[in-house]
>>> print(open('my_file24.cif').read())   # mmCIF, C-alpha atoms
data_protein
#
loop_
_atom_site.group_PDB
_atom_site.id
_atom_site.type_symbol
_atom_site.label_atom_id
_atom_site.label_comp_id
_atom_site.auth_asym_id
_atom_site.auth_seq_id
_atom_site.Cartn_x
_atom_site.Cartn_y
_atom_site.Cartn_z
ATOM 1 C CA MET A 1268 83.492 98.199 121.599
ATOM 2 C CA ASN A 1269 85.967 100.970 122.393
ATOM 3 C CA GLU A 1270 83.918 104.173 122.484
ATOM 4 C CA GLN A 1271 86.993 106.131 121.397
ATOM 5 C CA ILE A 1272 86.892 104.314 118.068
ATOM 6 C CA ILE A 1273 83.300 105.424 117.492
ATOM 7 C CA ALA A 1274 84.233 108.955 118.559
ATOM 8 C CA SER A 1275 87.143 109.008 116.139
ATOM 9 C CA ALA A 1276 84.947 107.774 113.279
ATOM 10 C CA LYS A 1277 82.352 110.449 113.989
ATOM 11 C CA GLN A 1278 85.001 113.161 114.130
ATOM 12 C CA ARG A 1279 86.222 112.090 110.724
ATOM 13 C CA CYS A 1280 82.704 112.012 109.318
ATOM 14 C CA GLU A 1281 82.197 115.554 110.626
ATOM 15 C CA ASP A 1282 85.573 116.788 109.333
ATOM 16 C CA LYS A 1283 86.757 117.551 112.843
ATOM 17 C CA ALA A 1284 90.396 117.162 113.776
ATOM 18 C CA CYS A 1285 91.135 114.328 116.159
ATOM 19 C CA GLU A 1286 91.830 115.868 119.541
ATOM 20 C CA ASP A 1287 92.617 114.841 123.096
ATOM 21 C CA GLU A 1288 92.244 111.088 123.607
ATOM 22 C CA ALA A 1289 91.143 110.496 120.031
ATOM 23 C CA GLU A 1290 94.482 111.860 118.800
ATOM 24 C CA SER A 1291 96.053 108.502 119.629
ATOM 25 C CA LEU A 1292 93.632 106.891 117.160
ATOM 26 C CA SER A 1293 95.085 108.612 114.101
ATOM 27 C CA PHE A 1294 95.207 105.375 112.111
ATOM 28 C CA PRO A 1295 94.759 105.355 108.327
ATOM 29 C CA LEU A 1296 91.488 105.485 106.466
ATOM 30 C CA ILE A 1297 89.884 102.305 105.092
ATOM 31 C CA TYR A 1298 90.673 101.036 101.622
ATOM 32 C CA PRO A 1299 87.303 100.208 100.021
ATOM 33 C CA PHE A 1300 88.844 97.574 97.732
ATOM 34 C CA THR A 1301 92.288 96.188 97.015
ATOM 35 C CA THR A 1302 94.722 98.192 94.910
ATOM 36 C CA GLU A 1303 96.676 95.002 94.129
ATOM 37 C CA ASN A 1304 96.124 92.426 91.423
ATOM 38 C CA ILE A 1305 95.460 89.579 93.844
ATOM 39 C CA THR A 1306 94.370 87.368 90.955
ATOM 40 C CA GLY A 1307 97.847 87.856 89.501
ATOM 41 C CA TYR A 1308 99.690 86.329 92.454
ATOM 42 C CA ILE A 1309 97.244 84.135 94.356
ATOM 43 C CA ASN A 1310 98.105 80.940 92.452
ATOM 44 C CA PHE A 1311 101.713 81.119 93.660
ATOM 45 C CA PHE A 1312 100.424 80.099 97.103
ATOM 46 C CA GLU A 1313 98.983 76.819 98.334
ATOM 47 C CA LEU A 1314 95.807 77.860 100.120
ATOM 48 C CA GLU A 1315 93.485 74.864 100.000
ATOM 49 C CA ASN A 1316 92.882 73.796 103.623
ATOM 50 C CA LYS A 1317 95.842 75.955 104.701
ATOM 51 C CA SER A 1318 96.325 78.858 107.118
ATOM 52 C CA LEU A 1319 97.104 82.479 106.279
ATOM 53 C CA LEU A 1320 98.280 85.551 108.156
ATOM 54 C CA THR A 1321 97.531 88.607 106.023
ATOM 55 C CA VAL A 1322 97.501 92.363 106.235
ATOM 56 C CA GLY A 1323 93.855 93.427 106.485
ATOM 57 C CA SER A 1324 93.379 96.613 104.475
ATOM 58 C CA SER A 1325 90.165 96.261 102.404
ATOM 59 C CA GLY A 1326 89.627 92.646 103.460
ATOM 60 C CA ASP A 1327 89.989 91.520 99.852
ATOM 61 C CA GLN A 1328 93.155 89.518 100.484
ATOM 62 C CA ALA A 1329 91.303 87.431 103.047
ATOM 63 C CA LEU A 1330 88.170 87.042 100.921
ATOM 64 C CA ASN A 1331 90.106 85.839 97.889
ATOM 65 C CA ALA A 1332 92.149 83.418 100.006
ATOM 66 C CA ILE A 1333 88.973 81.980 101.523
ATOM 67 C CA LEU A 1334 87.543 81.539 98.039
ATOM 68 C CA LYS A 1335 90.680 79.531 97.202
ATOM 69 C CA GLY A 1336 89.965 77.179 100.082
ATOM 70 C CA CYS A 1337 91.901 78.750 102.957
ATOM 71 C CA LYS A 1338 90.250 77.501 106.152
ATOM 72 C CA ASP A 1339 92.120 79.505 108.781
ATOM 73 C CA VAL A 1340 92.730 83.250 108.333
ATOM 74 C CA THR A 1341 94.282 85.767 110.696
ATOM 75 C CA ILE A 1342 93.895 89.388 109.620
ATOM 76 C CA LEU A 1343 96.365 91.912 111.013
ATOM 77 C CA ASP A 1344 95.908 95.664 110.728
ATOM 78 C CA VAL A 1345 96.643 98.747 112.811
ATOM 79 C CA ASN A 1346 93.269 100.216 111.841
ATOM 80 C CA PRO A 1347 90.391 98.949 114.036
ATOM 81 C CA TYR A 1348 87.896 99.998 111.358
ATOM 82 C CA THR A 1349 89.325 97.192 109.208
ATOM 83 C CA GLU A 1350 87.713 94.463 111.287
ATOM 84 C CA TYR A 1351 84.331 96.186 111.208
ATOM 85 C CA TYR A 1352 84.557 96.713 107.448
ATOM 86 C CA PHE A 1353 85.518 93.095 106.839
ATOM 87 C CA TYR A 1354 82.453 91.873 108.701
ATOM 88 C CA LEU A 1355 80.269 94.361 106.848
ATOM 89 C CA LYS A 1356 81.465 92.847 103.563
ATOM 90 C CA TYR A 1357 81.050 89.345 105.000
ATOM 91 C CA ALA A 1358 77.416 89.995 105.972
ATOM 92 C CA VAL A 1359 76.567 91.594 102.628
ATOM 93 C CA ILE A 1360 78.095 88.675 100.703
ATOM 94 C CA LEU A 1361 76.001 86.204 102.697
ATOM 95 C CA GLN A 1362 72.727 88.047 102.148
ATOM 96 C CA VAL A 1363 72.620 89.714 98.728
ATOM 97 C CA SER A 1364 73.551 89.239 95.082
ATOM 98 C CA LEU A 1365 76.793 90.405 93.494
ATOM 99 C CA LYS A 1366 74.923 93.197 91.739
ATOM 100 C CA GLU A 1367 73.584 94.489 95.042
ATOM 101 C CA PHE A 1368 77.007 94.049 96.671
ATOM 102 C CA LEU A 1369 78.599 96.284 94.024
ATOM 103 C CA LYS A 1370 75.828 98.867 94.329
ATOM 104 C CA PHE A 1371 76.358 98.972 98.092
ATOM 105 C CA PHE A 1372 80.169 99.221 98.172
ATOM 106 C CA CYS A 1373 81.311 100.832 94.898
ATOM 107 C CA TYR A 1374 81.420 104.621 94.921
ATOM 108 C CA MET A 1375 84.016 106.004 92.492
ATOM 109 C CA ASN A 1376 83.302 105.611 88.774
ATOM 110 C CA TYR A 1377 80.154 103.582 89.411
ATOM 111 C CA PRO A 1378 77.889 102.678 87.701
ATOM 112 C CA GLY A 1379 79.690 104.576 84.922
ATOM 113 C CA ILE A 1380 83.049 106.275 84.587
ATOM 114 C CA TYR A 1381 83.257 109.720 86.244
ATOM 115 C CA GLU A 1382 80.062 109.003 88.181
ATOM 116 C CA ARG A 1383 79.564 108.838 91.947
ATOM 117 C CA ASN A 1384 77.260 106.089 93.118
ATOM 118 C CA GLU A 1385 74.236 107.575 94.852
ATOM 119 C CA LYS A 1386 73.320 104.141 96.218
ATOM 120 C CA VAL A 1387 76.591 103.606 98.082
ATOM 121 C CA PHE A 1388 75.902 102.313 101.606
ATOM 122 C CA ASN A 1389 72.181 102.537 100.912
ATOM 123 C CA LYS A 1390 70.035 101.812 103.935
ATOM 124 C CA GLU A 1391 67.786 99.403 102.049
ATOM 125 C CA THR A 1392 70.637 96.938 101.674
ATOM 126 C CA TYR A 1393 71.927 97.630 105.169
ATOM 127 C CA SER A 1394 68.524 96.814 106.647
ATOM 128 C CA LYS A 1395 68.663 93.417 104.927
ATOM 129 C CA ILE A 1396 72.041 92.463 106.359
ATOM 130 C CA LYS A 1397 72.265 94.092 109.774
ATOM 131 C CA ASP A 1398 70.862 91.122 111.700
ATOM 132 C CA THR A 1399 73.405 88.862 110.017
ATOM 133 C CA LEU A 1400 76.131 91.384 110.837
ATOM 134 C CA ARG A 1401 75.051 91.365 114.465
ATOM 135 C CA SER A 1402 75.307 87.575 114.625
ATOM 136 C CA LEU A 1403 78.753 87.590 113.009
ATOM 137 C CA ASN A 1404 80.398 90.304 115.093
ATOM 138 C CA TYR A 1405 78.539 92.473 117.579
ATOM 139 C CA ASN A 1406 81.221 95.178 117.716
ATOM 140 C CA ALA A 1407 81.068 95.594 113.942
ATOM 141 C CA TYR A 1408 77.277 95.778 114.135
ATOM 142 C CA TYR A 1409 77.420 98.420 116.868
ATOM 143 C CA PHE A 1410 79.958 100.474 114.908
ATOM 144 C CA TRP A 1411 77.938 100.549 111.689
ATOM 145 C CA GLU A 1412 74.619 101.012 113.503
ATOM 146 C CA GLU A 1413 75.973 104.165 115.105
ATOM 147 C CA LEU A 1414 77.164 105.518 111.769
ATOM 148 C CA PHE A 1415 74.175 104.523 109.632
ATOM 149 C CA ASN A 1416 71.762 105.963 112.205
ATOM 150 C CA THR A 1417 73.700 109.242 112.415
ATOM 151 C CA TYR A 1418 74.967 110.108 108.937
ATOM 152 C CA LYS A 1419 73.988 110.005 105.313
ATOM 153 C CA PRO A 1420 75.834 107.326 103.321
ATOM 154 C CA TYR A 1421 78.127 109.710 101.421
ATOM 155 C CA ILE A 1422 79.251 111.170 104.767
ATOM 156 C CA ILE A 1423 80.286 107.714 105.997
ATOM 157 C CA ARG A 1424 82.500 107.456 102.893
ATOM 158 C CA LYS A 1425 84.780 110.024 104.558
ATOM 159 C CA LEU A 1426 86.226 107.089 106.519
ATOM 160 C CA PHE A 1427 87.566 105.675 103.252
ATOM 161 C CA GLU A 1428 90.504 106.357 100.996
ATOM 162 C CA CYS A 1429 89.653 107.744 97.553
ATOM 163 C CA ASP A 1430 91.925 105.146 95.943
ATOM 164 C CA GLU A 1431 89.176 103.067 94.318
ATOM 165 C CA GLU A 1432 89.357 101.580 90.847
ATOM 166 C CA ARG A 1433 86.438 101.160 88.449
ATOM 167 C CA TRP A 1434 84.448 98.045 89.231
ATOM 168 C CA GLN A 1435 85.359 96.596 85.806
ATOM 169 C CA TYR A 1436 88.981 96.542 86.995
ATOM 170 C CA LEU A 1437 88.108 95.390 90.503
ATOM 171 C CA LYS A 1438 86.579 92.186 89.178
ATOM 172 C CA ASN A 1439 89.888 91.454 87.393
ATOM 173 C CA TYR A 1440 91.897 91.870 90.606
ATOM 174 C CA ASN A 1441 89.409 89.990 92.795
ATOM 175 C CA LEU A 1442 88.309 86.471 91.950
ATOM 176 C CA TYR A 1443 85.374 86.736 94.338
ATOM 177 C CA LEU A 1444 83.850 89.560 92.265
ATOM 178 C CA ASN A 1445 83.430 87.159 89.364
ATOM 179 C CA PRO A 1446 79.750 86.083 89.302
ATOM 180 C CA LYS A 1447 80.527 82.359 89.226
ATOM 181 C CA TYR A 1448 82.812 82.616 92.271
ATOM 182 C CA TYR A 1449 80.754 85.047 94.351
ATOM 183 C CA GLU A 1450 78.143 82.415 95.177
ATOM 184 C CA GLU A 1451 80.858 79.891 95.971
ATOM 185 C CA LEU A 1452 82.413 82.283 98.484
ATOM 186 C CA LYS A 1453 79.169 82.424 100.478
ATOM 187 C CA ASN A 1454 79.483 78.757 101.378
ATOM 188 C CA LYS A 1455 83.202 78.915 102.133
ATOM 189 C CA LEU A 1456 83.012 81.964 104.410
ATOM 190 C CA VAL A 1457 80.856 80.260 107.011
ATOM 191 C CA ASN A 1458 83.295 77.338 107.213
ATOM 192 C CA THR A 1459 86.404 79.456 107.805
ATOM 193 C CA THR A 1460 88.027 80.338 111.116
ATOM 194 C CA ILE A 1461 88.748 84.081 111.174
ATOM 195 C CA GLU A 1462 90.792 85.961 113.762
ATOM 196 C CA PHE A 1463 91.840 89.609 114.001
ATOM 197 C CA ILE A 1464 94.964 91.202 115.440
ATOM 198 C CA THR A 1465 94.630 94.985 115.728
ATOM 199 C CA THR A 1466 98.109 96.471 115.949
ATOM 200 C CA ASP A 1467 100.970 97.499 113.697
ATOM 201 C CA ILE A 1468 103.198 94.866 112.150
ATOM 202 C CA TYR A 1469 106.133 95.746 114.438
ATOM 203 C CA HIS A 1470 104.229 95.075 117.644
ATOM 204 C CA ALA A 1471 102.091 92.099 116.665
ATOM 205 C CA ASN A 1472 102.038 89.319 119.235
ATOM 206 C CA ILE A 1473 102.123 86.245 116.994
ATOM 207 C CA ASN A 1474 101.800 83.058 119.026
ATOM 208 C CA ARG A 1475 101.298 80.423 116.338
ATOM 209 C CA ASN A 1476 102.525 79.300 112.905
ATOM 210 C CA TYR A 1477 101.037 79.750 109.437
ATOM 211 C CA ASP A 1478 101.318 78.113 106.041
ATOM 212 C CA ASN A 1479 101.225 81.475 104.258
ATOM 213 C CA ILE A 1480 101.970 85.088 105.195
ATOM 214 C CA TRP A 1481 101.054 88.100 103.042
ATOM 215 C CA LEU A 1482 102.565 91.496 103.854
ATOM 216 C CA SER A 1483 100.985 93.377 100.949
ATOM 217 C CA ASN A 1484 102.834 96.617 100.143
ATOM 218 C CA ILE A 1485 103.559 97.844 103.676
ATOM 219 C CA LEU A 1486 107.312 97.774 102.996
ATOM 220 C CA ARG A 1487 106.894 100.825 100.745
ATOM 221 C CA TYR A 1488 106.317 102.900 103.887
ATOM 222 C CA GLU A 1489 109.572 101.798 105.537
ATOM 223 C CA GLU A 1490 112.761 103.704 104.741
ATOM 224 C CA ASP A 1491 115.055 101.288 106.551
ATOM 225 C CA LEU A 1492 114.785 97.963 104.720
ATOM 226 C CA ASP A 1493 117.261 96.254 107.047
ATOM 227 C CA TYR A 1494 115.146 97.245 110.031
ATOM 228 C CA PHE A 1495 112.040 95.801 108.372
ATOM 229 C CA LYS A 1496 113.909 92.593 107.609
ATOM 230 C CA LYS A 1497 115.070 92.170 111.210
ATOM 231 C CA GLN A 1498 111.930 93.332 112.981
ATOM 232 C CA VAL A 1499 109.292 91.861 110.681
ATOM 233 C CA VAL A 1500 110.505 89.280 108.165
ATOM 234 C CA ASP A 1501 113.012 87.560 110.469
ATOM 235 C CA VAL A 1502 110.403 87.382 113.232
ATOM 236 C CA LEU A 1503 107.584 86.164 110.991
ATOM 237 C CA ASN A 1504 109.864 83.551 109.461
ATOM 238 C CA THR A 1505 109.881 81.815 112.841
ATOM 239 C CA HIS A 1506 106.085 81.577 112.534
ATOM 240 C CA LEU A 1507 106.080 80.215 108.989
ATOM 241 C CA ASN A 1508 105.658 76.478 108.599
ATOM 242 C CA ILE A 1509 108.163 74.426 106.624
ATOM 243 C CA SER A 1510 107.128 74.588 102.935
ATOM 244 C CA GLY A 1511 105.269 77.792 103.778
ATOM 245 C CA ARG A 1512 105.381 80.904 101.618
ATOM 246 C CA MET A 1513 105.671 84.575 102.463
ATOM 247 C CA LEU A 1514 104.742 87.523 100.255
ATOM 248 C CA ILE A 1515 107.350 89.953 101.547
ATOM 249 C CA ALA A 1516 106.296 92.880 99.375
ATOM 250 C CA TYR A 1517 104.037 93.924 96.523
ATOM 251 C CA LEU A 1518 105.475 96.393 93.999
ATOM 252 C CA TYR A 1519 103.483 98.374 91.471
ATOM 253 C CA ASN A 1520 104.670 98.880 87.898
ATOM 254 C CA THR A 1521 108.045 97.241 88.468
ATOM 255 C CA THR A 1522 110.077 94.626 86.593
ATOM 256 C CA PRO A 1523 113.706 93.568 87.081
ATOM 257 C CA LYS A 1524 114.579 96.019 84.283
ATOM 258 C CA SER A 1525 112.828 99.003 85.865
ATOM 259 C CA HIS A 1526 115.035 101.983 86.685
ATOM 260 C CA TYR A 1527 114.846 103.281 90.233
ATOM 261 C CA LEU A 1528 113.836 106.915 90.601
ATOM 262 C CA PRO A 1529 114.939 108.784 93.763
ATOM 263 C CA ASN A 1530 111.410 110.040 94.487
ATOM 264 C CA LEU A 1531 110.129 106.479 94.926
ATOM 265 C CA ALA A 1532 110.115 104.475 98.149
ATOM 266 C CA LYS A 1533 113.330 102.574 98.880
ATOM 267 C CA LEU A 1534 111.458 99.337 98.189
ATOM 268 C CA TYR A 1535 111.439 100.207 94.482
ATOM 269 C CA ASN A 1536 115.234 100.087 94.294
ATOM 270 C CA LEU A 1537 114.725 96.451 93.372
ATOM 271 C CA PRO A 1538 118.382 95.297 93.204
ATOM 272 C CA ASN A 1539 119.021 96.749 96.661
ATOM 273 C CA THR A 1540 115.775 95.310 98.066
ATOM 274 C CA LEU A 1541 116.501 91.835 96.742
ATOM 275 C CA ASP A 1542 120.035 92.084 98.154
ATOM 276 C CA THR A 1543 118.571 92.962 101.569
ATOM 277 C CA PHE A 1544 116.637 89.677 101.541
ATOM 278 C CA LYS A 1545 119.294 87.575 99.783
ATOM 279 C CA GLU A 1546 119.571 85.095 102.645
ATOM 280 C CA TYR A 1547 115.940 84.172 101.966
ATOM 281 C CA HIS A 1548 116.673 83.296 98.312
ATOM 282 C CA THR A 1549 113.595 85.228 97.258
ATOM 283 C CA GLU A 1550 112.004 85.255 93.813
ATOM 284 C CA TYR A 1551 110.716 88.332 92.067
ATOM 285 C CA ILE A 1552 107.613 87.367 90.126
ATOM 286 C CA ASN A 1553 105.891 89.609 87.578
ATOM 287 C CA PHE A 1554 102.276 89.529 86.397
ATOM 288 C CA PRO A 1555 99.849 92.004 84.773
ATOM 289 C CA GLY A 1556 99.586 95.185 86.791
ATOM 290 C CA VAL A 1557 96.487 96.868 88.116
ATOM 291 C CA HIS A 1558 96.404 99.279 85.170
ATOM 292 C CA ASN A 1559 97.501 96.766 82.562
ATOM 293 C CA LEU A 1560 94.447 97.155 80.325
ATOM 294 C CA PHE A 1561 95.723 100.488 79.070
ATOM 295 C CA LEU A 1562 99.323 100.863 80.216
ATOM 296 C CA ARG A 1563 100.388 97.223 79.830
ATOM 297 C CA ASN A 1564 102.501 97.565 82.947
ATOM 298 C CA GLN A 1565 103.708 94.764 85.187
ATOM 299 C CA ASP A 1566 103.392 94.545 88.956
ATOM 300 C CA GLY A 1567 105.336 92.068 91.039
ATOM 301 C CA ILE A 1568 105.826 90.345 94.371
ATOM 302 C CA ILE A 1569 108.881 89.354 96.352
ATOM 303 C CA LEU A 1570 108.179 85.730 97.266
ATOM 304 C CA TYR A 1571 109.978 83.613 99.863
ATOM 305 C CA ARG A 1572 109.542 79.839 100.106
ATOM 306 C CA LYS A 1573 110.643 78.181 103.347
ATOM 307 C CA PHE A 1574 112.391 74.875 102.773
ATOM 308 C CA ASN A 1575 113.925 74.254 106.211
#
>>> encode(input="my_file24.cif", output="structure tokens")
Amino acid sequence: MNEQIIASAKQRCEDKACEDEAESLSFPLIYPFTTENITGYINFFELENKSLLTVGSSGDQALNAILKGCKDVTILDVNPYTEYYFYLKYAVILQVSLKEFLKFFCYMNYPGIYERNEKVFNKETYSKIKDTLRSLNYNAYYFWEELFNTYKPYIIRKLFECDEERWQYLKNYNLYLNPKYYEELKNKLVNTTIEFITTDIYHANINRNYDNIWLSNILRYEEDLDYFKKQVVDVLNTHLNISGRMLIAYLYNTTPKSHYLPNLAKLYNLPNTLDTFKEYHTEYINFPGVHNLFLRNQDGIILYRKFN
């Protein structure tokens, strides 16, 4: 365990600016749950008994892939908290019911809309799972032990983004939050090989090949699409197996007919983005968006299939 990571987490919990050595640890906050409709795109990938390299974020991409039978998952993220949060979710899934899982992790608009969950990160649930957490990943256990023994649960939530949907929506985006699949995931988790790479996507040392690669929506933060293509997609393509598939980008509220607005990220200039990746013969696939229940919008992914 890097003590600087603990120090950085405590500074954030105490609303102190990162200073001195901790300044170099100014990585993003944790996403509590996905902001993507993973259910909408997961069936475009062959995951049964396959391998996956995925951006980490909330850990939900990995959990849903494992539910679909993925046996070999590498999670890449610049944020070291991501690994600890993934194993916290892993331990909770193994030990408690879906209802208790939701009570432990959901905070915004839970249990009702406009409410804040007073039971978030409750110590009763944590006491049930901490021995399992320790056996899964000691560094994750040490990280959460330090925080749970030092701060009240709502203080620990300062390590998290506020971008959290209502749990009724979360169960639509995440197959594993469906009661009939949650129990199934428990059995599949313990039979999956999981590896972490903690760095940014531009400096990742990838030394093996994968059947699937998911890049989530990280392209929205890159102004130079050609640079991303050369430094990320071209490099990762060499680590994608023949017949493998790569999710190059996730776009919110976008269809081929959407008009690009100058205040949006360059990624959302869809004709230009697709032209940037034209040599990959990508597909743009639409499906119900994360807010589709009310707005009826469509999200989409840029999908590449490797044939040779």
>>> closest_residue(input="my_file24.cif", among="A:Ile1342, A:Glu1281, A:Leu1444, A:Lys1496", to="A:Lys1545", atoms="all atoms listed in the file")
A:Lys1496
>>> atom_distance(input="my_file24.cif", atom1="atom CA of A:Gln1565", atom2="atom CA of A:Asn1520")
5.0 Å
>>> atom_distance(input="my_file24.cif", atom1="atom CA of A:Leu1518", atom2="atom CA of A:Leu1492")
14.3 Å
>>> resolve_selection(input="my_file24.cif", expression="the PyMOL selection byres ((chain A and resi 1524) around 12)", output="PyMOL selection string")
chain A and resi 1520-1523+1525-1527+1535-1538+1551+1553+1565
>>> write_last_selection(input="my_file24.cif", atoms="C-alpha atoms", output="compact mmCIF listing (two decimals), in the coordinates of the input")
# COMPACT_ATOMS: atom_id res chain seq x y z
CA ASN A 1520 104.67 98.88 87.90
CA THR A 1521 108.04 97.24 88.47
CA THR A 1522 110.08 94.63 86.59
CA PRO A 1523 113.71 93.57 87.08
CA SER A 1525 112.83 99.00 85.86
CA HIS A 1526 115.04 101.98 86.68
CA TYR A 1527 114.85 103.28 90.23
CA TYR A 1535 111.44 100.21 94.48
CA ASN A 1536 115.23 100.09 94.29
CA LEU A 1537 114.72 96.45 93.37
CA PRO A 1538 118.38 95.30 93.20
CA TYR A 1551 110.72 88.33 92.07
CA ASN A 1553 105.89 89.61 87.58
CA GLN A 1565 103.71 94.76 85.19
>>> residues_around(input="my_file24.cif", residues="A:Glu1315", least_positions_apart="3", cutoff="12 Å", atoms="all atoms listed in the file", output="number ranges by chain")
A: 1309-1310, 1312, 1318-1319, 1331-1340, 1455, 1459, 1478-1479
>>> resolve_selection(input="my_file24.cif", expression="the PyMOL selection byres ((chain A and resi 1571-1575) around 8)", output="list in words")
Leu1507, Asn1508, Ile1509, Ser1510, Gly1511, Arg1512, Met1513, Leu1514, Ile1515, Tyr1547, His1548, Thr1549, Glu1550, Ile1569 and Leu1570 of chain A
